[in-house]
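Single-structure report; data block below.
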Amino acid sequence: MGKTETPGELVPGTLDMLILKALATGPLHGYGVAEWLHDRSRDVLRVEEGALYPALHRLEMRGLLAAEWGASENNRRAKFYRLTAAGHKHLASEAERWARLSSAIGFVMAGA
Amino acid sequence: MNWQDMRERALRLADLFRRRRIDREMDDELQFHLAMSRQKYSNDSDARARRDLGSIEKWKDACRDVRRFRPVEDFLRDLALAVRMLRKTPGFTAVALITLALAIGANTAVFSLMNALLLRPLPVPRADRLVMLRIQPDDYGYSFPYPLFTYVEQHGRVFSQVFGFTARGFQLRGANGTERIDGELVSGQYFTSMRLAPERGRYFGPQDDHPGGGLNGPVAVISDRFWRVRMGARGDIVGRKITLDNVVFTIAGVAPPSFPAAEVGERTDIYVPLALEPLVDAPYNNIAGGFHSWWVRVGARLRDGVTPEQANAFLRATSRQAVVASADDPKMEMNHHKVTELYLVTEPGAAGFSYLRLRFRKPLNALMVLVTVVLLIACLNLATLLMARSAAREREMATRFALGASRGRLLRQLLTESMLLAVTGAMLGLAASPALSRLLLTFVGSQDNPLYFDTTPDIRVFIFTAAVTLLATALTGMAPALRSTGRSLQQRMRESSGGLRGVDRRHLGPRLLLASEVALALVLVTGAGLLGYSLVRLNEVPLGFEPRGLVLLSLEMEKQSRDGDALMRVYHEVADRLAVLPGVKAVSYADQLPISGSWWTENVGLPGQPQHELYGHRVGPDYFRAMRTPLLAGRPFRWSDTDATGRVAILNASASRLLFPHQDPVGRNISFDMKTTTRVIGIVGDAKYTALRDAAPPTVYSPMTQDVKNRPSFVAMMRVDGPPTAAITAARAIVRRIAPEIPVPVPMTMEGMIAESIGSERMMATLALFFAGIALLITGVGLYGTLAYATERRTGEIGIRMALGARRGDVMSMVCRENAAIALGGCLAGLGVSLLASRLIAGFLYSTSPRNPAVLGAAALLLASIAAAASLIPALRASRIDPIRAIRYE
């Protein structure tokens, strides 16, 4: 495949957190989550579908997300995910950890 | 593990059962995604959409992985494979299942019996708080004198209730004459301590447990069964009167069906207050007997918060005080102890009390060892069979290894197979175990004295069987599985591709297993042989009388109206009528039956000289002719020997030697208790009296016609030629006519009674032989199966040998040598173990050495012949191999 510049690759280990963040504002279907991330990152981040759906299912199994079937904006049957209480809590702690980590990395890189 | 992990596992497990729906939903979800993205990128989408379509299966796989519960799915796949493999070899599967079912069934059945006798708690609330009281030192056991019981009942502060009980037969007077029913005398707090509500009416309590009865007079509680079967389940049962032992009782209530008999294994139909004992026992009175009469069993319920240790400490501290307060003479001695040295302890009473437990605990434990060995043999056998079979699967294993399966994965699969065998075997065994338990019970009990055990499997039995199954799986599966997965890939490929295929029996492992199987079987066969030999010795032991053809009818005279000479006339008339029945050769009476387990002793001596303790026996005229005990000198008793004609007695040879070492005793006088002057009128041969194992004791016979008091009961004995049925029917009719007041006697035979007296020996020997037979069968199958298999795999090799000039005889001996070596090694090891274990079995044997060379030799010979028989067919088959075809086949 070679080096990819755009779309940007995810920082490893952040996908779960990003999905939770995407759902923090309200329920979305899988495609919606991908689009939201793509838009919000100003077209930098693109999630591979092959990674997105296993992650969604995993989070659902762990009780951080709940899923139900509903109608999409173009009136098709779609599976919508939303955050559970545990999911909210998990997102908060992950966000805090991420903030600490990224500012630390920022310091280090600025110091160089 | 946190709750999220647990939730995840639970969900995955649940998903297993709706896999199809989940798959469809995943499909829908991904199709939706594709549709959306196709819509958005419709311009430049062709390449992209194709890529998406190509990867859709990959996504689904990834998602499925997330949801999958891999261990269970693998297990299910292993299980399906195992079922397929086992169905492919039905012969092997059938042998394995039958073997395991027998072994596990036997284990479960014996355990069920142990469970019923030793472990199962009484079906009452908080049975764990019940205790039995026992008198120490040990030789006192569980029977209390009444005053000691009442003292503990009133002063036992550590108990919430104390209860006394004793099992007893009652004579119930009804419209059709008098019947015997089984009942119990129980004290006032008995029902309260059982904590079960009555089914009807009320129980009796302390207010009814008074001499002569309480305000309502004598009351009784009846069992549910008695109410339904004898009383027709009538609704107005409470308040009705029944006559027991000539005393009229008012029925106070009915106990619920689950109400336990105080003695496990017995059946109780009626409960009567303990303090009424003098009424029903009249003219005897155990309560008035005080400290001379030890007859009450005592149990208690611990007060809340009191531990058994605290109760024991309390009893230890207060026992002396209790004995001093309740004994009329604190200085008296019992069983070589001063009564003041006695003290009480508690024993766990949750499982109730049973004299059967004392009698059968040791045989049952031995039996448990026996069936465990059978199980071990079955497992060893299966292990060798599995090993032989795994040799056939070398190629399959090698292929799977080559395809990248891990050793753990293959191990799991092989163990799944043996587990499937074990679980199926266990289910078959569990299904068979109730029938086996019942069979065991008929061995333990007898016709005259049936046992009522609840051997229905309970949670303990299931846990036991599950544990046994697990053990069987591990034992049978582990070794073969480790072996067949243990070698490297290269080794495997080399072996299965080249002509040099390993002959499995040449390895040490399977041979060792087979040899230990032979050794264990030999130990079992030896043990069974010894027990059987000992039983034969017991049966052949000279008794001093002839039990065959003796029919016994117990006449219970205590409760009827006649006594003294009038009663003797009844006995005389019955005897005369019985004597003329067809087939009846002689008729007589005895107060005790020999070998029945009860006897009494007399102090006898020459007048004015020290007394000897002799065994006493009161018998009727013609007794020695009826028993076929030889009269050595003098004359037998006659109906005309009455008090008026002077006291007479007959001695047996031992008693005669003891009392008159150098004289002819006939015509001389002896004295009972230094009081009487009794003339010796005859000498008879020695006869066994107390037990088969004991030598014939010195015995003094007194005539039933003298010193008659308190309406004595005697057993009528008829010597009958040929089948006794007609004589018995006629005899019962005669008794009913001449003595209508007494219960119609239940006929017994002397042979049956003797057989019952060695019931536990017979049970041990029969079961040991049965299990030894099973062990032999299993071992034979194992030796045959593995050898047949190995020989078949050597067809090519044997063909070459024969082509090179080996004769049929050579081939046969070559094949037979395989089993000969194993049998020899196993027999030697087994003999060694038998000799080492001989001390364990010695206690069960009667005049048989546990190292009896005949039995040991016969057992070894038996196993050797089994091994030879098992080798014969494979050897014959090998010798008939056609070299050309064998080599071509290869």
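Numbering starts fresh at 1 for the residues of each chain in the structure tokens, the chains themselves are lettered A, B, ... in the order given, and ligands are numbered from 1 as they appear.
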Could you give me, as CSV, a per-residue list for chain A showing, wherever an atom lies at most 6 Å from an atom of chain B, the closest pair of atoms and their distance in Å to one decimal, using only C-alpha atoms and sorting by chain then residue number from low to high?
```
residue,atom,partner,partner_atom,distance
A:Tyr31,CA,B:His33,CA,5.4
A:Gly50,CA,B:Trp59,CA,4.8
A:Pro54,CA,B:Cys63,CA,4.4
A:Arg58,CA,B:Val66,CA,5.9
A:Met61,CA,B:Glu8,CA,5.2
A:Arg62,CA,B:Gln4,CA,5.4
```
Could you please take those selected residues and save C-alpha atoms as an mmCIF file, in the first residue's frame?
```cif
data_model
loop_
_atom_site.group_PDB
_atom_site.id
_atom_site.type_symbol
_atom_site.label_atom_id
_atom_site.label_comp_id
_atom_site.auth_asym_id
_atom_site.auth_seq_id
_atom_site.Cartn_x
_atom_site.Cartn_y
_atom_site.Cartn_z
ATOM 1 C CA TYR A 31 -21.897 5.268 8.689
ATOM 2 C CA GLY A 50 -13.206 -2.973 8.646
ATOM 3 C CA PRO A 54 -15.747 -4.566 15.064
ATOM 4 C CA ARG A 58 -16.975 -4.630 20.923
ATOM 5 C CA MET A 61 -20.689 -6.053 24.086
ATOM 6 C CA ARG A 62 -18.871 -4.270 26.874
#
```
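Backbone DSSP over range 56-112 of chain A gives strand (DSSP E) for Leu65, Ala66, Ala67, Glu68, Trp69, Gly70, Ala71, Arg77, Ala78, Lys79, Phe80, Tyr81, Arg82 and Leu83 of chain A.
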Dump of N, CA, C and O atoms for the selected residues, as an mmCIF file, in the first residue's frame:
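Wrote it out as selection_26.cif, contents follow:
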```cif
data_model
loop_
_atom_site.group_PDB
_atom_site.id
_atom_site.type_symbol
_atom_site.label_atom_id
_atom_site.label_comp_id
_atom_site.auth_asym_id
_atom_site.auth_seq_id
_atom_site.Cartn_x
_atom_site.Cartn_y
_atom_site.Cartn_z
ATOM 1 N N LEU A 65 -21.902 0.982 24.810
ATOM 2 C CA LEU A 65 -22.870 1.449 23.825
ATOM 3 C C LEU A 65 -24.103 0.567 23.910
ATOM 4 O O LEU A 65 -24.018 -0.594 24.280
ATOM 5 N N ALA A 66 -25.238 1.177 23.541
ATOM 6 C CA ALA A 66 -26.429 0.375 23.348
ATOM 7 C C ALA A 66 -26.836 0.562 21.890
ATOM 8 O O ALA A 66 -26.536 1.588 21.301
ATOM 9 N N ALA A 67 -27.478 -0.473 21.326
ATOM 10 C CA ALA A 67 -27.826 -0.374 19.906
ATOM 11 C C ALA A 67 -29.287 -0.695 19.714
ATOM 12 O O ALA A 67 -29.842 -1.520 20.435
ATOM 13 N N GLU A 68 -29.907 -0.001 18.781
ATOM 14 C CA GLU A 68 -31.240 -0.423 18.378
ATOM 15 C C GLU A 68 -31.463 -0.076 16.914
ATOM 16 O O GLU A 68 -30.786 0.793 16.364
ATOM 17 N N TRP A 69 -32.399 -0.789 16.323
ATOM 18 C CA TRP A 69 -32.682 -0.579 14.906
ATOM 19 C C TRP A 69 -33.700 0.539 14.752
ATOM 20 O O TRP A 69 -34.673 0.606 15.490
ATOM 21 N N GLY A 70 -33.435 1.421 13.771
ATOM 22 C CA GLY A 70 -34.359 2.528 13.523
ATOM 23 C C GLY A 70 -34.299 2.917 12.056
ATOM 24 O O GLY A 70 -33.623 2.259 11.255
ATOM 25 N N ALA A 71 -34.996 3.982 11.717
ATOM 26 C CA ALA A 71 -35.007 4.440 10.314
ATOM 27 C C ALA A 71 -33.976 5.546 10.149
ATOM 28 O O ALA A 71 -33.852 6.440 10.989
ATOM 29 N N ARG A 77 -33.607 1.062 6.940
ATOM 30 C CA ARG A 77 -33.397 0.440 8.253
ATOM 31 C C ARG A 77 -31.920 0.514 8.599
ATOM 32 O O ARG A 77 -31.066 0.096 7.802
ATOM 33 N N ALA A 78 -31.600 1.083 9.771
ATOM 34 C CA ALA A 78 -30.196 1.202 10.154
ATOM 35 C C ALA A 78 -30.048 0.929 11.642
ATOM 36 O O ALA A 78 -30.986 1.109 12.420
ATOM 37 N N LYS A 79 -28.863 0.505 12.009
ATOM 38 C CA LYS A 79 -28.604 0.202 13.424
ATOM 39 C C LYS A 79 -27.993 1.444 14.073
ATOM 40 O O LYS A 79 -26.923 1.899 13.646
ATOM 41 N N PHE A 80 -28.675 1.979 15.045
ATOM 42 C CA PHE A 80 -28.221 3.199 15.714
ATOM 43 C C PHE A 80 -27.544 2.839 17.036
ATOM 44 O O PHE A 80 -28.026 1.982 17.779
ATOM 45 N N TYR A 81 -26.434 3.536 17.271
ATOM 46 C CA TYR A 81 -25.718 3.316 18.545
ATOM 47 C C TYR A 81 -25.876 4.558 19.393
ATOM 48 O O TYR A 81 -25.909 5.681 18.874
ATOM 49 N N ARG A 82 -25.968 4.374 20.720
ATOM 50 C CA ARG A 82 -25.928 5.542 21.624
ATOM 51 C C ARG A 82 -25.090 5.174 22.840
ATOM 52 O O ARG A 82 -24.866 3.983 23.135
ATOM 53 N N LEU A 83 -24.636 6.221 23.539
ATOM 54 C CA LEU A 83 -23.808 5.993 24.726
ATOM 55 C C LEU A 83 -24.679 5.534 25.882
ATOM 56 O O LEU A 83 -25.772 6.053 26.074
#
```
Item to check | range 647-828 of chain B: residues DSSP assigns to helix (DSSP H, G or I), reported as a PyMOL selection string | outcome: chain B and resi 653-659+725-738+750-757+759-793+795-803+808-828
Next on the checklist: as a PyMOL selection string, please: the residues near range 180-196 of chain B (cut-off 6 Å, only C-alpha atoms, same-chain neighbours under 2 positions excluded).
Outcome noted: chain B and resi 124+161+163-171+205-206+209+268-274
Checklist entry - Which of these, A:Leu15, A:His88, A:Gly26, A:Ser103, has the shortest distance to Glu48 in chain A once you count only C-alpha atoms? => result A:Leu15
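Closest approach to Val72 in chain B among B:Arg228, B:Arg412, B:Arg87, B:Arg297 is made by B:Arg412 (distances from only C-alpha atoms).
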Item to check | Residue nearest Glu741 in chain B among B:Val158, B:Ala467, B:Leu119, B:Leu555 (counting only C-alpha atoms) | outcome: B:Leu555
Item to check | Within 9 Å of range 386-388 of chain B using only C-alpha atoms, minus same-chain residues under 2 positions, as a ChimeraX atom specification | outcome: /B:92,381-384,390-392,418,476-477,479-481,483-484,504-505,510,785-787,789-790
For the residues in that selection, give me C-alpha atoms as a short mmCIF file (atom, residue, chain, number, x, y, z; two decimals), in the first residue's frame.
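Below is the file part.cif, written as the result:
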```
data_model
loop_
_atom_site.label_atom_id
_atom_site.label_comp_id
_atom_site.auth_asym_id
_atom_site.auth_seq_id
_atom_site.Cartn_x
_atom_site.Cartn_y
_atom_site.Cartn_z
CA PHE B 92 -15.10 -49.99 20.73
CA ASN B 381 -8.80 -50.68 30.46
CA LEU B 382 -10.30 -47.78 28.58
CA ALA B 383 -6.98 -45.98 28.61
CA THR B 384 -5.26 -48.92 26.92
CA SER B 390 -4.98 -43.63 18.84
CA ALA B 391 -2.31 -45.60 17.02
CA ALA B 392 -4.79 -45.90 14.18
CA SER B 418 -13.00 -39.51 26.58
CA THR B 476 -8.78 -42.61 30.77
CA GLY B 477 -8.11 -39.66 28.52
CA ALA B 479 -2.32 -40.67 29.16
CA PRO B 480 -3.40 -41.67 25.63
CA ALA B 481 -3.98 -38.05 24.65
CA ARG B 483 1.08 -39.85 24.14
CA SER B 484 -0.57 -39.43 20.82
CA ASP B 504 1.88 -49.79 19.72
CA ARG B 505 2.02 -52.67 22.13
CA PRO B 510 0.30 -49.51 27.41
CA GLY B 785 -8.96 -55.86 22.39
CA THR B 786 -5.48 -54.41 22.49
CA LEU B 787 -3.79 -57.59 21.34
CA TYR B 789 -5.63 -54.59 17.41
CA ALA B 790 -1.86 -54.74 17.61
#
```
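Here CA of Asn652 in chain B and CA of Asp686 in chain B stand 5.4 Å from one another.
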Next on the checklist: So that I can see what lies close to Lys675 in chain B, please list as a ChimeraX atom specification the residues with an atom at most 12 Å from it, counting only C-alpha atoms and leaving out residues fewer than 6 positions away in the same chain.
Outcome noted: /B:603-609,611,647,669
Item to check | Length of the CA of Arg400 in chain B to CA of Glu792 in chain B vector [Å] | outcome: 24.9 Å
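When only C-alpha atoms are used to compute distances to Arg120 in chain B, the closest of the residues B:Asp454, B:Asp565, B:Asp641, B:Glu546 turns out to be B:Asp454.
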Next on the checklist: Please compute the CA of Ala255 in chain B-CA of Pro745 in chain B distance, one decimal, in Å.
Outcome noted: 28.7 Å
Checklist entry - From the set B:Leu403, B:Leu845, B:Ala378, B:Lys559, which residue has the shortest atom-to-atom contact distance to Leu471 in chain B, counting only C-alpha atoms? => result B:Ala378
Item to check | Counting only C-alpha atoms, the option among B:Pro747, B:Ala197, B:Thr795, B:Glu179 closest to Thr725 in chain B | outcome: B:Pro747
